[in-house]
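protein34.txt, holding compact mmCIF, C-alpha atoms:
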```
# COMPACT_ATOMS: atom_id res chain seq x y z
CA VAL A 1 108.59 96.96 103.08
CA VAL A 2 108.87 93.31 102.08
CA ALA A 3 110.82 92.51 98.92
CA ASP A 4 110.18 89.10 97.39
CA GLY A 5 113.00 88.78 94.89
CA PRO A 6 112.74 91.58 92.33
CA VAL A 7 109.29 92.78 93.41
CA ILE A 8 107.89 94.60 96.46
CA ALA A 9 105.49 92.07 97.96
CA ALA A 10 104.00 94.18 100.73
CA VAL A 11 104.18 97.44 102.62
CA GLU A 12 103.13 96.70 106.20
CA ALA A 13 103.10 98.36 109.61
CA ALA A 14 106.30 97.97 111.60
CA GLY A 15 106.54 94.53 113.19
CA ALA A 16 103.85 93.00 110.99
CA VAL A 17 106.34 90.81 109.13
CA ALA A 18 108.54 89.90 112.10
CA GLY A 19 107.58 86.24 111.93
CA GLN A 20 108.19 85.83 108.21
CA ASP A 21 111.22 84.07 106.80
CA ALA A 22 113.03 87.26 105.81
CA ALA A 23 116.42 88.87 106.30
CA PRO A 24 115.65 92.19 107.97
CA VAL A 25 117.37 95.46 107.09
CA ARG A 26 117.03 97.90 109.94
CA GLY A 27 116.14 101.44 108.93
CA ARG A 28 115.87 103.39 112.17
CA GLY A 29 116.94 106.99 111.59
CA ALA A 30 116.95 106.54 107.81
CA VAL A 31 114.56 107.20 104.92
CA LEU A 32 113.66 104.65 102.26
CA LEU A 33 113.40 105.96 98.71
CA PRO A 34 112.55 104.31 95.40
CA GLY A 35 115.63 103.62 93.32
CA LEU A 36 116.66 106.72 91.39
CA ILE A 37 116.18 107.09 87.62
CA ASP A 38 118.73 109.07 85.59
CA ALA A 39 116.93 110.07 82.40
CA HIS A 40 120.04 111.13 80.49
CA VAL A 41 123.27 109.13 80.47
CA HIS A 42 125.79 107.95 77.87
CA LEU A 43 127.11 104.48 78.60
CA ARG A 44 130.42 102.83 77.72
CA GLY A 45 130.33 99.56 79.64
CA SER A 46 129.20 97.66 82.71
CA ALA A 47 131.55 99.64 84.98
CA ASP A 48 129.38 102.70 84.35
CA LEU A 49 126.31 100.77 85.52
CA GLU A 50 128.09 99.55 88.64
CA GLU A 51 129.00 103.13 89.52
CA LEU A 52 125.41 104.26 88.96
CA ALA A 53 124.15 101.46 91.21
CA ARG A 54 126.63 102.39 93.93
CA TRP A 55 124.97 105.83 94.09
CA GLY A 56 121.41 104.44 94.11
CA VAL A 57 120.62 104.91 90.42
CA THR A 58 118.75 101.75 89.50
CA THR A 59 117.39 102.75 86.07
CA ALA A 60 119.54 104.40 83.39
CA LEU A 61 117.99 105.99 80.31
CA ASP A 62 120.76 106.08 77.74
CA MET A 63 120.54 109.02 75.34
CA GLY A 64 123.08 108.14 72.70
CA SER A 65 125.45 105.18 72.88
CA TRP A 66 126.50 102.73 70.20
CA PRO A 67 126.84 100.17 68.71
CA PRO A 68 123.53 98.36 69.34
CA ALA A 69 125.45 95.30 70.54
CA LEU A 70 126.78 97.37 73.45
CA ILE A 71 123.27 98.38 74.50
CA GLU A 72 122.09 94.79 74.29
CA GLU A 73 124.99 93.60 76.44
CA LEU A 74 124.36 96.29 79.07
CA ARG A 75 120.67 95.42 79.20
CA ARG A 76 121.61 91.80 79.83
CA VAL A 77 124.53 91.88 82.26
CA GLY A 78 124.44 95.14 84.21
CA PRO A 79 123.02 95.69 87.70
CA VAL A 80 120.96 98.66 86.46
CA ASP A 81 117.95 98.47 84.14
CA VAL A 82 118.90 100.14 80.84
CA ARG A 83 116.69 101.78 78.20
CA SER A 84 118.22 103.47 75.17
CA SER A 85 117.75 105.63 72.10
CA GLY A 86 120.87 104.33 70.41
CA ALA A 87 122.66 106.93 68.32
CA GLY A 88 120.70 110.17 68.00
CA ALA A 89 119.92 111.91 64.71
CA VAL A 90 122.25 114.79 63.96
CA GLY A 91 122.92 117.19 61.09
CA THR A 92 126.17 117.35 59.15
CA GLY A 93 127.17 120.73 60.55
CA SER A 94 126.46 119.98 64.20
CA LEU A 95 129.28 119.72 66.71
CA GLN A 96 127.67 116.44 67.76
CA ALA A 97 128.40 115.01 64.31
CA LYS A 98 132.12 115.31 65.07
CA ILE A 99 132.07 113.01 68.10
CA PRO A 100 134.54 110.21 67.29
CA GLY A 101 132.94 107.00 66.07
CA ARG A 102 129.45 108.39 65.50
CA PRO A 103 127.54 106.03 63.15
CA THR A 104 127.18 107.53 59.68
CA ASP A 105 123.53 106.46 59.48
CA SER A 106 122.72 108.82 62.35
CA ILE A 107 123.62 111.86 60.23
CA VAL A 108 120.41 113.05 58.56
CA THR A 109 119.82 115.98 56.23
CA THR A 110 116.39 115.35 54.69
CA PRO A 111 112.97 114.12 55.84
CA GLU A 112 113.47 110.87 53.94
CA GLU A 113 116.79 110.25 55.68
CA GLY A 114 115.03 111.03 58.96
CA ARG A 115 112.38 108.41 58.26
CA ARG A 116 115.05 105.81 57.46
CA PHE A 117 116.91 106.75 60.63
CA VAL A 118 113.85 106.04 62.77
CA ALA A 119 113.20 102.72 61.01
CA THR A 120 116.78 101.67 61.75
CA ARG A 121 116.58 102.56 65.43
CA VAL A 122 113.24 100.78 65.80
CA ALA A 123 114.65 97.68 64.08
CA GLU A 124 117.53 97.76 66.56
CA GLY A 125 115.02 97.60 69.41
CA MET A 126 115.59 101.09 70.78
CA ASP A 127 113.09 102.37 73.31
CA TYR A 128 112.76 105.98 72.13
CA ILE A 129 114.25 108.27 69.51
CA LYS A 130 116.69 111.13 70.07
CA VAL A 131 117.43 114.05 67.78
CA ILE A 132 120.10 116.72 68.18
CA VAL A 133 118.43 120.06 67.49
CA ASP A 134 120.71 123.00 66.76
CA PRO A 135 119.70 126.64 66.37
CA PRO A 136 118.61 127.56 62.82
CA GLY A 137 121.59 127.92 60.51
CA ARG A 138 123.96 125.89 62.70
CA GLY A 139 123.96 122.71 60.62
CA GLY A 140 121.40 120.60 62.46
CA PRO A 141 118.36 118.87 60.96
CA ASP A 142 115.75 121.42 59.84
CA ARG A 143 112.23 121.60 61.21
CA GLU A 144 110.77 119.54 58.34
CA THR A 145 113.29 116.73 58.91
CA ILE A 146 112.67 116.72 62.66
CA ALA A 147 108.90 116.69 62.05
CA ALA A 148 109.32 113.65 59.78
CA ILE A 149 111.31 111.91 62.52
CA VAL A 150 108.56 112.69 65.03
CA GLN A 151 105.80 111.45 62.72
CA VAL A 152 107.45 108.11 62.01
CA ALA A 153 108.55 107.63 65.62
CA HIS A 154 105.05 108.23 66.91
CA GLY A 155 103.70 105.81 64.32
CA ALA A 156 106.07 103.19 65.70
CA GLY A 157 105.04 103.91 69.29
CA ARG A 158 108.25 105.75 70.19
CA MET A 159 108.51 109.20 71.69
CA VAL A 160 111.14 111.71 70.60
CA VAL A 161 113.68 113.32 72.93
CA ALA A 162 115.27 116.51 71.61
CA HIS A 163 118.69 117.84 72.58
CA VAL A 164 118.11 121.59 72.99
CA SER A 165 120.75 123.77 74.64
CA ASN A 166 119.82 127.04 72.92
CA THR A 167 116.60 129.08 72.79
CA GLY A 168 116.50 128.81 69.00
CA ALA A 169 116.79 125.03 69.24
CA VAL A 170 113.92 124.94 71.74
CA ALA A 171 111.71 126.87 69.32
CA THR A 172 112.60 124.52 66.42
CA ALA A 173 111.98 121.40 68.51
CA GLN A 174 108.67 122.77 69.75
CA ALA A 175 107.52 123.54 66.20
CA ALA A 176 108.47 120.03 65.06
CA GLY A 177 106.40 118.35 67.79
CA VAL A 178 108.99 116.54 69.91
CA ASP A 179 107.95 115.04 73.25
CA VAL A 180 110.81 115.76 75.66
CA LEU A 181 113.22 118.71 75.82
CA THR A 182 116.57 117.66 77.23
CA HIS A 183 119.14 120.25 78.42
CA ALA A 184 118.33 123.90 79.09
CA PRO A 185 119.37 127.02 77.14
CA LEU A 186 122.66 128.67 77.98
CA ASP A 187 122.34 131.61 75.56
CA ALA A 188 119.32 133.18 77.30
CA ALA A 189 116.57 132.20 79.72
CA LEU A 190 113.31 131.06 78.16
CA GLY A 191 110.90 133.96 77.94
CA GLU A 192 107.27 134.01 78.99
CA ALA A 193 105.97 133.15 75.51
CA ALA A 194 108.37 130.21 75.10
CA VAL A 195 107.43 128.83 78.51
CA ALA A 196 103.73 129.16 77.68
CA ASP A 197 104.36 127.24 74.45
CA VAL A 198 105.96 124.39 76.40
CA VAL A 199 102.96 124.33 78.73
CA ARG A 200 100.45 124.28 75.86
CA SER A 201 102.26 121.46 74.09
CA HIS A 202 102.49 119.31 77.25
CA ARG A 203 106.24 118.83 76.95
CA THR A 204 108.55 117.53 79.67
CA SER A 205 111.91 119.06 80.58
CA VAL A 206 115.01 117.03 81.42
CA PRO A 207 117.30 120.01 82.03
CA THR A 208 120.61 118.26 82.94
CA LEU A 209 121.70 121.26 84.98
CA VAL A 210 124.90 119.56 86.09
CA MET A 211 125.92 119.28 82.42
CA MET A 212 124.92 122.86 81.65
CA GLU A 213 126.98 123.99 84.62
CA GLY A 214 129.99 122.18 83.18
CA VAL A 215 129.49 123.42 79.63
CA ALA A 216 129.16 127.03 80.77
CA ALA A 217 132.37 126.69 82.80
CA ASN A 218 134.38 124.99 80.05
CA ALA A 219 133.14 126.52 76.80
CA ALA A 220 134.46 130.08 77.34
CA VAL A 221 131.96 131.32 74.75
CA PRO A 222 130.67 134.87 75.28
CA GLY A 223 127.03 134.93 76.30
CA LEU A 224 126.78 131.36 77.57
CA ASP A 225 125.74 131.53 81.20
CA TYR A 226 124.62 128.76 83.54
CA ARG A 227 122.17 131.17 85.16
CA HIS A 228 120.12 131.15 81.94
CA ALA A 229 119.63 127.39 82.27
CA ARG A 230 118.77 127.66 85.98
CA ASP A 231 116.30 130.48 85.36
CA SER A 232 114.66 128.56 82.51
CA VAL A 233 114.09 125.58 84.82
CA ALA A 234 112.66 127.88 87.47
CA ALA A 235 110.24 129.42 84.97
CA LEU A 236 109.18 126.04 83.55
CA HIS A 237 108.63 124.66 87.04
CA ARG A 238 106.54 127.65 88.14
CA ALA A 239 104.41 127.20 85.03
CA GLY A 240 103.73 123.54 85.86
CA VAL A 241 105.95 121.86 83.26
CA PRO A 242 106.98 118.38 84.50
CA ILE A 243 110.68 118.28 85.39
CA VAL A 244 112.54 114.96 85.14
CA LEU A 245 116.05 114.41 86.44
CA GLY A 246 118.85 113.68 83.99
CA THR A 247 122.57 114.37 84.23
CA ASP A 248 124.14 113.69 80.81
CA ALA A 249 126.66 111.52 82.66
CA ASN A 250 129.44 110.70 80.23
CA GLN A 251 133.16 110.23 79.88
CA SER A 252 133.16 110.63 76.10
CA PRO A 253 135.93 112.35 74.12
CA GLY A 254 134.97 115.44 72.17
CA VAL A 255 132.08 116.62 74.34
CA PRO A 256 132.02 120.00 76.14
CA ALA A 257 132.01 118.52 79.66
CA ASN A 258 132.46 115.10 81.24
CA VAL A 259 130.01 114.32 84.03
CA PRO A 260 130.61 111.50 86.57
CA TYR A 261 128.20 108.58 86.80
CA GLY A 262 126.02 108.32 89.90
CA GLU A 263 127.44 111.10 92.03
CA SER A 264 126.17 113.64 89.49
CA THR A 265 122.61 112.45 90.11
CA HIS A 266 122.84 113.82 93.63
CA ARG A 267 124.40 117.04 92.37
CA GLU A 268 121.49 117.36 89.94
CA LEU A 269 119.05 116.97 92.82
CA GLU A 270 120.79 119.84 94.58
CA LEU A 271 120.75 122.04 91.47
CA LEU A 272 117.04 121.38 90.93
CA VAL A 273 116.38 122.55 94.48
CA GLU A 274 118.48 125.65 93.83
CA ALA A 275 116.32 126.27 90.75
CA GLY A 276 113.16 126.34 92.85
CA LEU A 277 111.95 122.76 93.27
CA THR A 278 111.32 121.60 96.82
CA PRO A 279 113.42 118.63 97.95
CA SER A 280 110.36 116.38 97.60
CA GLU A 281 109.71 117.67 94.08
CA ALA A 282 113.34 117.08 93.12
CA LEU A 283 113.14 113.50 94.44
CA HIS A 284 109.93 113.01 92.47
CA ALA A 285 111.77 114.20 89.36
CA ALA A 286 114.23 111.33 89.90
CA THR A 287 111.59 108.70 90.65
CA GLY A 288 107.86 108.88 89.91
CA ALA A 289 107.98 111.72 87.37
CA ALA A 290 110.71 109.97 85.37
CA ALA A 291 108.86 106.66 85.46
CA ASP A 292 105.61 108.30 84.35
CA ARG A 293 107.11 110.22 81.42
CA PHE A 294 109.13 107.33 80.05
CA GLY A 295 106.40 104.73 80.36
CA LEU A 296 107.86 102.70 83.24
CA PRO A 297 104.83 101.98 85.44
CA ASP A 298 106.61 99.32 87.52
CA ARG A 299 109.02 101.66 89.31
CA GLY A 300 109.49 105.09 90.86
CA ARG A 301 107.28 104.42 93.90
CA ILE A 302 107.27 102.17 96.95
CA ALA A 303 104.14 100.02 96.71
CA PRO A 304 103.21 96.36 96.33
CA GLY A 305 103.91 95.10 92.82
CA MET A 306 106.60 97.71 92.09
CA ARG A 307 110.19 96.74 91.31
CA ALA A 308 112.21 96.28 94.47
CA ASP A 309 114.66 99.03 93.54
CA LEU A 310 115.21 100.72 96.89
CA LEU A 311 117.61 103.24 98.38
CA LEU A 312 118.06 103.66 102.15
CA VAL A 313 119.69 106.95 103.19
CA GLU A 314 120.62 108.54 106.48
CA GLY A 315 118.69 111.62 107.47
CA ASP A 316 115.71 113.08 105.62
CA PRO A 317 116.27 114.21 102.01
CA THR A 318 112.72 115.61 101.87
CA THR A 319 113.95 118.43 104.11
CA ASP A 320 117.67 118.45 103.27
CA ILE A 321 118.33 117.22 99.75
CA THR A 322 122.01 116.63 100.47
CA ALA A 323 120.96 113.69 102.67
CA SER A 324 120.40 111.70 99.48
CA ARG A 325 124.18 111.25 99.35
CA ALA A 326 124.33 109.51 102.76
CA ILE A 327 123.57 106.07 101.34
CA ARG A 328 123.23 103.24 103.81
CA THR A 329 122.24 100.50 101.36
CA VAL A 330 120.94 99.96 97.83
CA HIS A 331 118.60 97.09 96.96
CA LEU A 332 118.49 96.18 93.25
CA ALA A 333 115.61 94.36 91.61
CA LYS A 334 118.03 93.33 88.89
CA ARG A 335 121.14 91.37 89.72
CA PRO A 336 124.28 91.37 87.56
CA ALA A 337 124.69 88.27 85.41
CA HIS A 338 127.73 87.10 87.40
CA GLU A 339 125.66 87.17 90.61
CA ASP A 340 122.88 85.18 88.95
CA HIS A 341 125.45 82.62 87.83
CA HIS A 342 126.62 82.02 91.41
CA ALA A 343 123.15 82.07 93.00
```

Step by step, read the file and then write its structure as structure tokens.
Amino acid sequence: VVADGPVIAAVEAAGAVAGQDAAPVRGRGAVLLPGLIDAHVHLRGSADLEELARWGVTTALDMGSWPPALIEELRRVGPVDVRSSGAGAVGTGSLQAKIPGRPTDSIVTTPEEGRRFVATRVAEGMDYIKVIVDPPGRGGPDRETIAAIVQVAHGAGRMVVAHVSNTGAVATAQAAGVDVLTHAPLDAALGEAAVADVVRSHRTSVPTLVMMEGVAANAAVPGLDYRHARDSVAALHRAGVPIVLGTDANQSPGVPANVPYGESTHRELELLVEAGLTPSEALHAATGAAADRFGLPDRGRIAPGMRADLLLVEGDPTTDITASRAIRTVHLAKRPAHEDHHA
């Protein structure tokens, strides 16, 4: 694999490029993977991106950080490519509304407020829209408000990612027409009818099992059980619903569980395998499947013309997923601004 700056220039037979002016990286006994994509993180600063990069995560899809100036700075200076929703829409009664520092314009209670919310996020240059969906009666935006958010977002060429950690929230999000379901229910496993609805509507699941594991352990709420989330993922996967890796990595105050950056991506791979994905399918969830769902055609695969985001690991993670942790080297298509300055 020949990388010419930030792009893969060629994939050749061994020895075919021996005479080229290149600095070789020997890979005997190792496996080369595309850089990993974490489709659910919350970012605070460039140190978070450096930690992601250290663990082979080369694209971070932020699902709720603010202010916009922070996102712009991270896009510019960090070693990892960043896409973001900015602050997600949330109802007044939601626990998410109580997170310290949440922008007041992200709290929506009516369809008209939802439309204004989307216009604001689009004007800020956000890549997609996020909405926090709570079970009916729990203070989140109602179905009509979420549907208005979806309509305006789609009109602006943005897809909508819905936070759904409860079966009732999944049903509301489905009825409102969202595109991606992030998290997995802890109150009960999705039943056959709910799974069939997800299949019919061509949704994608970003289950963040590592976060659900943490919430179930920390919340001490009767009825919340990590096994419900795991079993929901298993049922969705068996039914053919695309699964994309996300962790909900965060170190934010006021959230049910803090999840480490980077290392949790590898834990998520392991949990996806435990939920029924093969190791190769779990790796695809963190590479090609994520790139396809989030409209990133220049990454997620090793081929000429793709971004030269590459991860070399010892052993074979397609047979033993824990081998993904044995990182020999990470090659980043994007270089931090301080490295560019000294180049």

* Compile the contact shell of region 210-216 of chain A as number ranges by chain: residues with an atom at most 8 Å away, counting all atoms listed in the file, same-chain residues fewer than 2 positions apart removed. => A: 183-184, 186, 208, 218-221, 224-226, 229, 247-249, 256-259, 264, 267-268, 271

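The space between CA of Gly64 (chain A) and CA of His284 (chain A) spans 24.2 Å.
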
* **Contacts of region 318-323 of chain A within 7 Å, only C-alpha atoms, excl. fewer than 6 positions in-chain, as a list of chain:residue names** =>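 Here the qualifying residues turn out to be A:Leu269, A:Glu270, A:Pro279, A:Ser280.
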
* Fewer than 3 positions away in the same chain doesn't count, so skip those; otherwise give me all residues within 8 Å of region 79-93 of chain A, counting only C-alpha atoms, as a PyMOL selection string. => chain A and resi 49-50+52-53+57-68+71+74-75+96-97+102-103+106-109+114+117+121+126-133+138-141+332+334-337

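Put simply, CA of Ser94 (chain A) is 22.4 Å away from CA of Gln151 (chain A).
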
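What separates CA of Ala156 (chain A) from CA of Arg115 (chain A) is a distance of 11.1 Å.
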
The centre and edge lengths of an axis-aligned box containing all atoms of region 70-77 of chain A present in the file, extended by 8 Å on each side, are to be given in Å to one decimal, as AutoDock Vina command-line options.
```
--center_x 123.7 --center_y 95.1 --center_z 77.9 --size_x 22.1 --size_y 22.6 --size_z 24.8
```

* Could you give me, as a PyMOL selection string, the residues that have an atom at most 8 Å away from the point (113.7, 116.0, 90.1) in the coordinates of the file, using only C-alpha atoms? => chain A and resi 243-245+268-269+272+277+281-287+289

* Asked: Using all atoms listed in the file, which residue out of A:Pro297, A:Gly78, A:Gly240, A:Gly223 lies closest to Asp48 (chain A)?
  -> A:Gly78

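The neighbours of Asp309 (chain A) here are the residues that come within 8 Å of it, using only C-alpha atoms and leaving out any residue fewer than 5 positions away in the same chain; they are Pro6, Pro34, Gly35, Thr58, Arg299, Val330, His331, Leu332 and Ala333 of chain A.
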
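The nearest approach to Leu95 (chain A) among the residues A:Leu296, A:Val160, A:Val255, A:Val7, with all atoms listed in the file taken into account, belongs to A:Val255.
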
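If all atoms listed in the file are the atoms counted, then among A:Val198, A:Val41, A:Leu181, A:Val170 the closest residue to Asn250 (chain A) is A:Val41.
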
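Proximity ranking of A:Ala39, A:Val25, A:Leu70, A:Met159 relative to Val2 (chain A) places A:Val25 first, based on all atoms listed in the file.
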